[in-house]
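To be precise, the following lines are protein.tsv, and they hold TSV, C-alpha atoms and all ligand atoms.
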```tsv
chain	number	residue	atom	x	y	z
A	1	MET	CA	-64.10	12.82	-11.71
A	2	ASN	CA	-62.34	9.55	-12.57
A	3	TYR	CA	-59.02	11.02	-13.63
A	4	ASP	CA	-56.00	10.02	-11.53
A	5	HIS	CA	-52.62	11.23	-12.72
A	6	HIS	CA	-50.83	8.50	-10.69
A	7	TYR	CA	-51.46	6.17	-13.66
A	8	HIS	CA	-49.72	8.53	-16.09
A	9	ALA	CA	-46.90	10.08	-14.06
A	10	GLY	CA	-43.62	9.95	-15.96
A	11	ASN	CA	-45.17	8.80	-19.22
A	12	PHE	CA	-43.94	10.27	-22.51
A	13	ALA	CA	-46.59	13.00	-22.43
A	14	ASP	CA	-45.54	14.09	-18.92
A	15	VAL	CA	-41.85	14.17	-19.85
A	16	PHE	CA	-42.55	16.07	-23.11
A	17	LYS	CA	-44.60	18.68	-21.18
A	18	HIS	CA	-42.11	19.01	-18.33
A	19	VAL	CA	-39.08	19.41	-20.62
A	20	ILE	CA	-40.89	22.31	-22.32
A	21	LEU	CA	-41.98	23.73	-18.95
A	22	ALA	CA	-38.41	23.61	-17.57
A	23	ASN	CA	-37.08	25.41	-20.66
A	24	LEU	CA	-39.75	28.13	-20.48
A	25	ILE	CA	-38.91	28.78	-16.82
A	26	THR	CA	-35.16	28.77	-17.54
A	27	THR	CA	-35.75	31.30	-20.32
A	28	LEU	CA	-37.77	33.57	-17.97
A	29	ALA	CA	-34.96	33.31	-15.41
A	30	GLN	CA	-32.46	34.77	-17.87
A	31	LYS	CA	-33.68	38.25	-16.87
A	32	GLU	CA	-33.24	39.48	-13.30
A	33	LYS	CA	-36.84	40.74	-13.02
A	34	PRO	CA	-39.14	38.48	-10.95
A	35	PHE	CA	-41.75	36.30	-12.65
A	36	CYS	CA	-44.78	34.28	-11.58
A	37	VAL	CA	-45.78	30.81	-12.77
A	38	ILE	CA	-49.49	29.95	-12.57
A	39	ASP	CA	-50.19	26.22	-12.67
A	40	THR	CA	-53.96	25.95	-13.20
A	41	HIS	CA	-54.20	22.12	-12.98
A	42	ALA	CA	-51.25	21.32	-10.74
A	43	GLY	CA	-52.06	17.77	-9.62
A	44	TYR	CA	-49.87	16.30	-6.84
A	45	ASN	CA	-46.36	17.59	-6.16
A	46	LEU	CA	-44.80	14.09	-6.30
A	47	TYR	CA	-45.88	10.71	-7.69
A	48	PRO	CA	-44.43	7.48	-6.24
A	49	ILE	CA	-43.60	5.28	-9.21
A	50	GLN	CA	-43.95	2.16	-7.07
A	51	SER	CA	-47.60	3.07	-6.38
A	52	GLU	CA	-50.20	0.50	-7.36
A	53	GLU	CA	-51.51	2.79	-10.11
A	54	ALA	CA	-48.14	3.50	-11.76
A	55	HIS	CA	-47.19	-0.14	-11.44
A	56	LYS	CA	-50.41	-1.23	-13.11
A	57	SER	CA	-50.13	1.13	-16.08
A	58	GLN	CA	-46.34	0.86	-16.56
A	59	GLU	CA	-46.55	4.09	-18.60
A	60	PHE	CA	-43.32	5.45	-17.10
A	61	LYS	CA	-41.46	2.61	-18.85
A	62	ARG	CA	-42.13	4.30	-22.20
A	63	GLY	CA	-41.40	7.80	-20.86
A	64	ILE	CA	-38.95	8.76	-18.14
A	65	LEU	CA	-37.29	5.35	-17.70
A	66	PRO	CA	-35.51	5.17	-21.09
A	67	LEU	CA	-34.51	8.84	-20.73
A	68	ILE	CA	-32.94	8.54	-17.28
A	69	GLN	CA	-30.79	5.69	-18.57
A	70	GLN	CA	-29.12	7.88	-21.25
A	71	SER	CA	-25.71	9.39	-20.66
A	72	LYS	CA	-25.42	11.97	-23.47
A	73	ILE	CA	-28.41	14.27	-23.63
A	74	PRO	CA	-29.03	17.61	-25.37
A	75	SER	CA	-28.50	20.72	-23.25
A	76	ALA	CA	-32.24	21.56	-23.37
A	77	ILE	CA	-33.01	18.38	-21.38
A	78	GLN	CA	-30.26	18.80	-18.77
A	79	ALA	CA	-31.92	21.10	-16.21
A	80	TYR	CA	-35.03	18.91	-16.23
A	81	LEU	CA	-33.12	15.64	-15.94
A	82	THR	CA	-30.95	16.97	-13.11
A	83	ILE	CA	-34.12	17.52	-11.06
A	84	ILE	CA	-35.33	13.97	-11.79
A	85	ARG	CA	-31.91	12.50	-10.97
A	86	ASN	CA	-31.63	14.45	-7.69
A	87	LEU	CA	-35.07	13.23	-6.72
A	88	ASN	CA	-34.05	9.64	-7.42
A	89	ARG	CA	-30.52	9.76	-6.00
A	90	ASN	CA	-31.03	6.51	-4.12
A	91	ALA	CA	-32.35	4.56	-7.12
A	92	SER	CA	-29.63	3.81	-9.63
A	93	ASP	CA	-30.92	3.75	-13.22
A	94	THR	CA	-34.51	3.50	-12.08
A	95	ILE	CA	-37.25	5.79	-10.79
A	96	GLN	CA	-38.84	5.98	-7.34
A	97	TYR	CA	-40.51	9.36	-7.63
A	98	TYR	CA	-41.67	11.43	-10.55
A	99	PRO	CA	-42.30	15.15	-9.94
A	100	GLY	CA	-45.49	16.98	-10.71
A	101	SER	CA	-45.36	20.33	-12.52
A	102	SER	CA	-45.51	22.21	-9.19
A	103	TYR	CA	-42.46	20.40	-7.81
A	104	LEU	CA	-40.48	21.02	-11.00
A	105	THR	CA	-41.46	24.67	-11.07
A	106	SER	CA	-40.73	25.32	-7.40
A	107	THR	CA	-37.27	23.79	-7.86
A	108	LEU	CA	-36.50	26.17	-10.74
A	109	LEU	CA	-37.71	29.39	-9.06
A	110	ARG	CA	-35.22	31.97	-7.84
A	111	SER	CA	-35.80	33.76	-4.53
A	112	GLN	CA	-37.63	36.67	-6.26
A	113	ASP	CA	-40.11	34.44	-8.19
A	114	GLN	CA	-43.54	33.06	-7.27
A	115	LEU	CA	-45.67	30.01	-8.02
A	116	ILE	CA	-49.46	29.95	-7.86
A	117	ALA	CA	-50.65	26.32	-7.96
A	118	ASN	CA	-54.27	25.22	-8.19
A	119	ASP	CA	-56.12	21.91	-8.22
A	120	SER	CA	-59.85	21.50	-7.65
A	121	HIS	CA	-59.55	17.86	-6.53
A	122	GLN	CA	-59.36	17.55	-2.71
A	123	PRO	CA	-56.61	14.84	-2.43
A	124	ALA	CA	-54.35	16.68	-4.90
A	125	TYR	CA	-54.90	20.00	-3.11
A	126	GLU	CA	-54.13	18.37	0.26
A	127	ALA	CA	-50.88	16.91	-1.11
A	128	LEU	CA	-49.90	20.36	-2.45
A	129	HIS	CA	-50.75	21.94	0.88
A	130	LYS	CA	-48.62	19.44	2.78
A	131	ALA	CA	-45.68	19.97	0.44
A	132	PHE	CA	-45.75	23.77	0.19
A	133	ARG	CA	-47.35	25.04	3.41
A	134	ASN	CA	-44.01	26.42	4.67
A	135	ASN	CA	-42.91	27.79	1.30
A	136	SER	CA	-43.57	31.53	1.10
A	137	GLN	CA	-42.98	31.54	-2.66
A	138	VAL	CA	-45.96	29.26	-3.30
A	139	THR	CA	-49.65	30.26	-3.09
A	140	LEU	CA	-52.26	27.51	-3.38
A	141	HIS	CA	-55.88	27.48	-4.53
A	142	GLN	CA	-58.52	24.79	-4.71
A	143	ARG	CA	-60.83	26.23	-7.35
A	144	ASP	CA	-62.12	25.54	-10.82
A	145	ALA	CA	-59.18	26.44	-13.07
A	146	TYR	CA	-61.33	28.24	-15.63
A	147	GLU	CA	-63.00	30.41	-13.02
A	148	LEU	CA	-59.72	31.06	-11.17
A	149	LEU	CA	-57.42	32.10	-14.00
A	150	PRO	CA	-59.12	35.29	-15.26
A	151	ALA	CA	-59.83	36.27	-11.62
A	152	ILE	CA	-56.16	36.35	-10.57
A	153	LEU	CA	-54.64	37.98	-13.68
A	154	PRO	CA	-52.41	39.83	-14.10
A	155	PRO	CA	-49.86	38.61	-11.53
A	156	LYS	CA	-48.26	41.43	-9.55
A	157	GLU	CA	-44.87	40.70	-11.20
A	158	LYS	CA	-46.48	41.47	-14.63
A	159	ARG	CA	-44.17	38.79	-16.07
A	160	GLY	CA	-44.92	35.14	-16.17
A	161	LEU	CA	-46.01	31.80	-17.45
A	162	ILE	CA	-49.39	30.09	-17.23
A	163	LEU	CA	-49.46	26.30	-17.51
A	164	ILE	CA	-52.87	24.87	-18.48
A	165	ASP	CA	-52.79	21.09	-18.19
A	166	PRO	CA	-56.32	19.64	-17.83
A	167	PRO	CA	-57.20	15.93	-17.79
A	168	PHE	CA	-59.33	16.15	-20.99
A	169	GLU	CA	-62.01	13.93	-19.48
A	170	ASN	CA	-64.65	16.50	-20.33
A	171	PRO	CA	-65.64	16.53	-24.03
A	172	HIS	CA	-65.82	20.36	-23.85
A	173	GLU	CA	-62.27	20.83	-22.51
A	174	PHE	CA	-60.92	22.42	-25.71
A	175	GLN	CA	-63.80	24.93	-25.75
A	176	SER	CA	-63.30	25.72	-22.02
A	177	ILE	CA	-59.63	26.45	-22.66
A	178	ILE	CA	-60.39	28.80	-25.56
A	179	GLN	CA	-63.15	30.61	-23.63
A	180	THR	CA	-60.79	31.07	-20.67
A	181	LEU	CA	-57.97	32.35	-22.88
A	182	LYS	CA	-60.36	34.91	-24.37
A	183	LYS	CA	-61.00	36.23	-20.84
A	184	ALA	CA	-57.39	35.90	-19.65
A	185	LEU	CA	-55.53	37.52	-22.56
A	186	PRO	CA	-57.03	41.03	-22.22
A	187	ARG	CA	-56.02	41.00	-18.53
A	188	PHE	CA	-52.51	39.72	-19.14
A	189	PRO	CA	-51.66	40.10	-22.84
A	190	THR	CA	-47.90	39.68	-22.42
A	191	GLY	CA	-48.06	36.44	-20.43
A	192	ILE	CA	-46.69	33.20	-21.84
A	193	TYR	CA	-49.49	30.62	-21.95
A	194	ALA	CA	-48.48	26.94	-22.34
A	195	ILE	CA	-51.40	24.60	-23.02
A	196	TRP	CA	-50.93	20.83	-23.11
A	197	TYR	CA	-53.35	18.77	-25.25
A	198	PRO	CA	-53.77	15.19	-26.46
A	199	VAL	CA	-53.64	14.63	-30.24
A	200	LYS	CA	-56.22	11.99	-30.89
A	201	GLU	CA	-59.37	13.42	-32.34
A	202	ALA	CA	-60.66	15.29	-35.32
A	203	SER	CA	-61.58	18.14	-32.92
A	204	ILE	CA	-57.92	19.13	-32.90
A	205	THR	CA	-58.37	21.03	-36.20
A	206	SER	CA	-60.95	23.38	-34.71
A	207	PHE	CA	-58.63	23.90	-31.72
A	208	TYR	CA	-55.83	25.04	-34.07
A	209	HIS	CA	-58.26	27.43	-35.79
A	210	ALA	CA	-59.41	28.85	-32.46
A	211	ILE	CA	-55.79	29.32	-31.31
A	212	LYS	CA	-54.93	31.11	-34.57
A	213	ALA	CA	-57.81	33.53	-34.00
A	214	LEU	CA	-56.53	34.64	-30.55
A	215	PRO	CA	-54.99	38.12	-30.26
A	216	VAL	CA	-51.40	37.06	-29.48
A	217	LYS	CA	-47.98	37.86	-30.93
A	218	ASN	CA	-47.22	34.25	-31.84
A	219	SER	CA	-48.40	30.69	-31.17
A	220	LEU	CA	-45.70	28.04	-31.21
A	221	CYS	CA	-47.04	24.52	-31.56
A	222	CYS	CA	-44.84	21.62	-30.37
A	223	GLU	CA	-46.04	18.06	-30.97
A	224	ILE	CA	-44.75	14.54	-30.59
A	225	ALA	CA	-46.14	11.19	-31.77
A	226	THR	CA	-44.42	7.97	-30.77
A	227	THR	CA	-46.11	5.84	-33.42
A	228	ASN	CA	-48.40	6.32	-36.42
A	229	LEU	CA	-51.82	7.47	-35.32
A	230	GLN	CA	-53.63	4.65	-37.13
A	231	HIS	CA	-51.81	2.16	-34.84
A	232	ASN	CA	-53.37	3.82	-31.85
A	233	LEU	CA	-54.06	0.69	-29.79
A	234	LEU	CA	-51.58	1.68	-27.10
A	235	GLY	CA	-53.65	4.44	-25.50
A	236	LEU	CA	-52.33	7.96	-25.90
A	237	THR	CA	-49.39	8.08	-28.32
A	238	ALA	CA	-49.38	11.71	-29.45
A	239	CYS	CA	-49.68	15.04	-27.70
A	240	GLY	CA	-48.83	18.68	-28.06
A	241	MET	CA	-48.15	21.91	-26.24
A	242	VAL	CA	-49.12	25.22	-27.73
A	243	ILE	CA	-47.21	28.21	-26.38
A	244	LEU	CA	-48.83	31.63	-26.79
A	245	ASN	CA	-46.35	34.52	-26.74
A	246	ALA	CA	-43.47	32.05	-26.92
A	247	PRO	CA	-40.12	33.59	-25.93
A	248	TRP	CA	-37.92	34.81	-28.77
A	249	GLN	CA	-36.31	31.92	-30.67
A	250	PHE	CA	-37.77	29.35	-28.27
A	251	GLU	CA	-38.22	27.01	-31.25
A	252	LYS	CA	-34.43	26.81	-31.59
A	253	THR	CA	-34.06	25.84	-27.93
A	254	ILE	CA	-36.74	23.18	-27.90
A	255	GLU	CA	-36.36	21.52	-31.30
A	256	PRO	CA	-33.20	19.48	-30.44
A	257	ALA	CA	-34.85	18.29	-27.21
A	258	LEU	CA	-37.96	17.04	-29.02
A	259	LYS	CA	-35.92	15.41	-31.75
A	260	TYR	CA	-33.96	13.51	-29.10
A	261	LEU	CA	-37.09	12.47	-27.17
A	262	TRP	CA	-38.75	11.24	-30.35
A	263	THR	CA	-35.63	9.17	-31.16
A	264	ILE	CA	-35.70	7.33	-27.85
A	265	TRP	CA	-39.50	6.85	-27.74
A	266	SER	CA	-40.53	6.16	-31.32
A	267	LEU	CA	-41.59	2.62	-32.11
A	268	ASN	CA	-39.83	1.45	-35.30
A	269	GLN	CA	-38.99	5.05	-36.23
A	270	GLU	CA	-42.71	5.77	-36.61
A	271	GLY	CA	-44.52	8.91	-35.52
A	272	HIS	CA	-42.93	12.35	-35.67
A	273	TYR	CA	-42.09	15.49	-33.76
A	274	SER	CA	-42.75	19.03	-34.91
A	275	VAL	CA	-42.12	22.59	-33.77
A	276	LYS	CA	-43.90	25.26	-35.78
A	277	TYR	CA	-45.69	28.57	-35.54
A	278	ILE	CA	-49.38	28.27	-36.40
B	301	LIG	C1	-53.05	16.17	-16.02
B	301	LIG	S1	-53.28	16.39	-14.31
B	301	LIG	C2	-52.13	17.62	-13.90
B	301	LIG	C3	-50.69	17.21	-13.97
B	301	LIG	C4	-49.72	18.29	-13.57
B	301	LIG	N1	-49.99	19.55	-14.24
B	301	LIG	C5	-48.30	17.87	-13.91
B	301	LIG	O1	-47.79	18.24	-14.98
B	301	LIG	O2	-47.68	17.20	-13.09
B	301	LIG	C6	-54.79	17.30	-14.26
B	301	LIG	C7	-55.21	17.78	-12.88
B	301	LIG	O3	-56.30	18.68	-13.06
B	301	LIG	C8	-57.16	18.58	-11.93
B	301	LIG	N2	-58.45	19.14	-12.38
B	301	LIG	C9	-59.41	18.56	-13.15
B	301	LIG	N3	-60.38	19.45	-13.45
B	301	LIG	C10	-60.03	20.63	-12.87
B	301	LIG	C11	-60.59	21.93	-12.84
B	301	LIG	N4	-61.75	22.21	-13.47
B	301	LIG	N5	-59.95	22.91	-12.16
B	301	LIG	C12	-58.78	22.64	-11.51
B	301	LIG	N6	-58.20	21.42	-11.50
B	301	LIG	C13	-58.80	20.44	-12.18
B	301	LIG	C14	-57.16	17.11	-11.60
B	301	LIG	O4	-57.47	16.92	-10.23
B	301	LIG	C15	-55.72	16.69	-11.94
B	301	LIG	O5	-54.92	16.69	-10.77
```
Spit out the file's structure as C-alpha cells when you get a sec.
Ligand SMILES: C[S@@+](CC[C@H](N)C(=O)[O-])C[C@H]1O[C@@H](n2cnc3c(N)ncnc32)[C@H](O)[C@@H]1O
Amino acid sequence: MNYDHHYHAGNFADVFKHVILANLITTLAQKEKPFCVIDTHAGYNLYPIQSEEAHKSQEFKRGILPLIQQSKIPSAIQAYLTIIRNLNRNASDTIQYYPGSSYLTSTLLRSQDQLIANDSHQPAYEALHKAFRNNSQVTLHQRDAYELLPAILPPKEKRGLILIDPPFENPHEFQSIIQTLKKALPRFPTGIYAIWYPVKEASITSFYHAIKALPVKNSLCCEIATTNLQHNLLGLTACGMVILNAPWQFEKTIEPALKYLWTIWSLNQEGHYSVKYI
C-alpha cells in the first residue's frame, strides 16, 4: 500500500470530514444514553504538520490553515475548531499538529461512550496503540476494515456511528463499501453510517444508485468542490460524505458549516457545496 495520510492531513477534505464527524458525535451526545463510534480506517491519532510529507504537499494550506485564522465562525464549526486550537495552543495562527479522526472522536466522548478504532497498516496501528493503550474507552484492532465491521456489529450500546474513510487506492473501493454495508446493515440497522468519498470519477453515479438501493431510513449526501471539476489539475478538489440514517434535521445543522467552508476555500467563487437527501 502506497497511501500515507501524512501528505493529506488537514487538507480541505480532512476538515470537511472532521467537521461533519464532530457534529454527528455532538448530536449523539445530546441524549444521555451511551454510544459507540467505530472508526474502520482510523489512520494515526495525530499528524505533525511540520513533517516532511505535510511540508512537501502543503495541502493543509488550502484546508485547516485558512480556517484557523478566522475569528467569526458558524456554531457548527466551533466544537471542532476548539479541539484544533487546543492542540495548537503554542502555535499562534499556525498549525503544528492536525488530529486524526480517532483523536477528534476520543476528545468528544463522554465517560459512558466508547470508541473502536481500526487500521490494518502496522505503523498507523502502532501509533494508535501508543496513544490509546491506557484509555479504557478505546478498543483497537488491526484488521481489514471490511472483514472487521460486520463481525463486530452491533455494538453493545446499540447506539452509534460508523465512520468509513478508506484511502480509495483500490479501484474496487466503492464496491467493497457497498458489499460491507449490505452485511452490516442487517446486524445494526439503526446505526449512523458516515462514508467519505472522493468526487472525481464517473463511477460516482453508480455509487449513488447503490446507496439509494440500501434498506435505510434516509441517506444524506454532503458534498464540497473548491473549484470547477474541469479545472482539476490541483489533485483532489471535490469530495463527499454520505450519512445513512442521518440524525433528524442534521441537514439544518451542517448546511451553514459547509457554506462557510466553501466560502473560504473556493477559488474565484468556483465549485459548490450541497446537502441533500438522495
Ligand atoms: C484516509 S486514511 C484515514 C484517515 C482517518 N480516518 C482520519 O480521518 O484522520 C485511510 C487509512 O486506512 C488504512 N487502510 C487502508 N486499507 C485498509 C483496510 N482494508 N482496512 C483497514 N484500514 C485500511 C490506511 O492505513 C490509512 O491509515
Residues within 6 Å of ligand LIG 301 (chain B), counting all atoms listed in the file, as a ChimeraX atom specification: /A:5,41-43,100-101,119-121,124,143-145,165-167
Quick one: contact table of stretch 44-82 of chain A to stretch 86-97 of chain A, 9 Å max, nearest atom pair and distance in Å to one decimal per residue, counting only C-alpha atoms, chain and number order, as a Markdown table?
```
| residue | atom | partner | partner_atom | distance |
| --- | --- | --- | --- | --- |
| A:Leu46 | CA | A:Tyr97 | CA | 6.5 |
| A:Tyr47 | CA | A:Tyr97 | CA | 5.5 |
| A:Pro48 | CA | A:Tyr97 | CA | 4.6 |
| A:Ile49 | CA | A:Gln96 | CA | 5.2 |
| A:Gln50 | CA | A:Gln96 | CA | 6.4 |
| A:Phe60 | CA | A:Ile95 | CA | 8.8 |
| A:Ile64 | CA | A:Ile95 | CA | 8.1 |
| A:Leu65 | CA | A:Thr94 | CA | 6.5 |
| A:Ile68 | CA | A:Asp93 | CA | 6.6 |
| A:Gln69 | CA | A:Asp93 | CA | 5.7 |
| A:Leu81 | CA | A:Asn86 | CA | 8.5 |
| A:Thr82 | CA | A:Asn86 | CA | 6.0 |
```
Please report as a Markdown table every residue of stretch 10-86 of chain A lying within 6 Å of stretch 107-118 of chain A, along with the nearest atom pair and their distance in Å (one decimal), using all atoms listed in the file.
```
| residue | atom | partner | partner_atom | distance |
| --- | --- | --- | --- | --- |
| A:Pro34 | CA | A:Asp113 | CA | 5.0 |
| A:Phe35 | CA | A:Asp113 | CA | 5.1 |
| A:Cys36 | CA | A:Gln114 | CA | 4.6 |
| A:Val37 | CA | A:Leu115 | CA | 4.8 |
| A:Ile38 | CA | A:Ile116 | CA | 4.7 |
| A:Asp39 | CA | A:Ala117 | CA | 4.7 |
| A:Thr40 | CA | A:Asn118 | CA | 5.1 |
| A:His41 | CA | A:Asn118 | CA | 5.7 |
| A:Ala42 | CA | A:Asn118 | CA | 5.6 |
```
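For the atom pair formed by atom CA of A:Tyr80 and atom CA of A:Thr226, the distance is 20.5 Å, given to one decimal.
Considering the residues A:Tyr260, A:Glu255, A:Tyr103, A:Leu149 and counting all atoms listed in the file, A:Ile73 has its shortest atom-to-atom contact with A:Tyr260.
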A:Pro189 environment, 9 Å, all atoms listed in the file, sequence neighbours closer than 4 positions dropped, as number ranges by chain: A: 154, 184-185, 215-216, 245
Cut-off 12 Å around (-45.7, 39.8, -22.8) with only C-alpha atoms: residues as a ChimeraX atom specification: /A:28,35,154,157-162,185-193,216-218,244-248
Export of prior selection with C-alpha atoms as a CSV table (one decimal), in the frame of the given file:
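Produced file out-v5.csv, reproduced below:
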```csv
chain,number,residue,atom,x,y,z
A,28,LEU,CA,-37.8,33.6,-18.0
A,35,PHE,CA,-41.8,36.3,-12.6
A,154,PRO,CA,-52.4,39.8,-14.1
A,157,GLU,CA,-44.9,40.7,-11.2
A,158,LYS,CA,-46.5,41.5,-14.6
A,159,ARG,CA,-44.2,38.8,-16.1
A,160,GLY,CA,-44.9,35.1,-16.2
A,161,LEU,CA,-46.0,31.8,-17.4
A,162,ILE,CA,-49.4,30.1,-17.2
A,185,LEU,CA,-55.5,37.5,-22.6
A,186,PRO,CA,-57.0,41.0,-22.2
A,187,ARG,CA,-56.0,41.0,-18.5
A,188,PHE,CA,-52.5,39.7,-19.1
A,189,PRO,CA,-51.7,40.1,-22.8
A,190,THR,CA,-47.9,39.7,-22.4
A,191,GLY,CA,-48.1,36.4,-20.4
A,192,ILE,CA,-46.7,33.2,-21.8
A,193,TYR,CA,-49.5,30.6,-22.0
A,216,VAL,CA,-51.4,37.1,-29.5
A,217,LYS,CA,-48.0,37.9,-30.9
A,218,ASN,CA,-47.2,34.2,-31.8
A,244,LEU,CA,-48.8,31.6,-26.8
A,245,ASN,CA,-46.4,34.5,-26.7
A,246,ALA,CA,-43.5,32.0,-26.9
A,247,PRO,CA,-40.1,33.6,-25.9
A,248,TRP,CA,-37.9,34.8,-28.8
```
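Here atom CA of A:Ser57 and atom CA of A:Ala9 stand 9.7 Å from one another.
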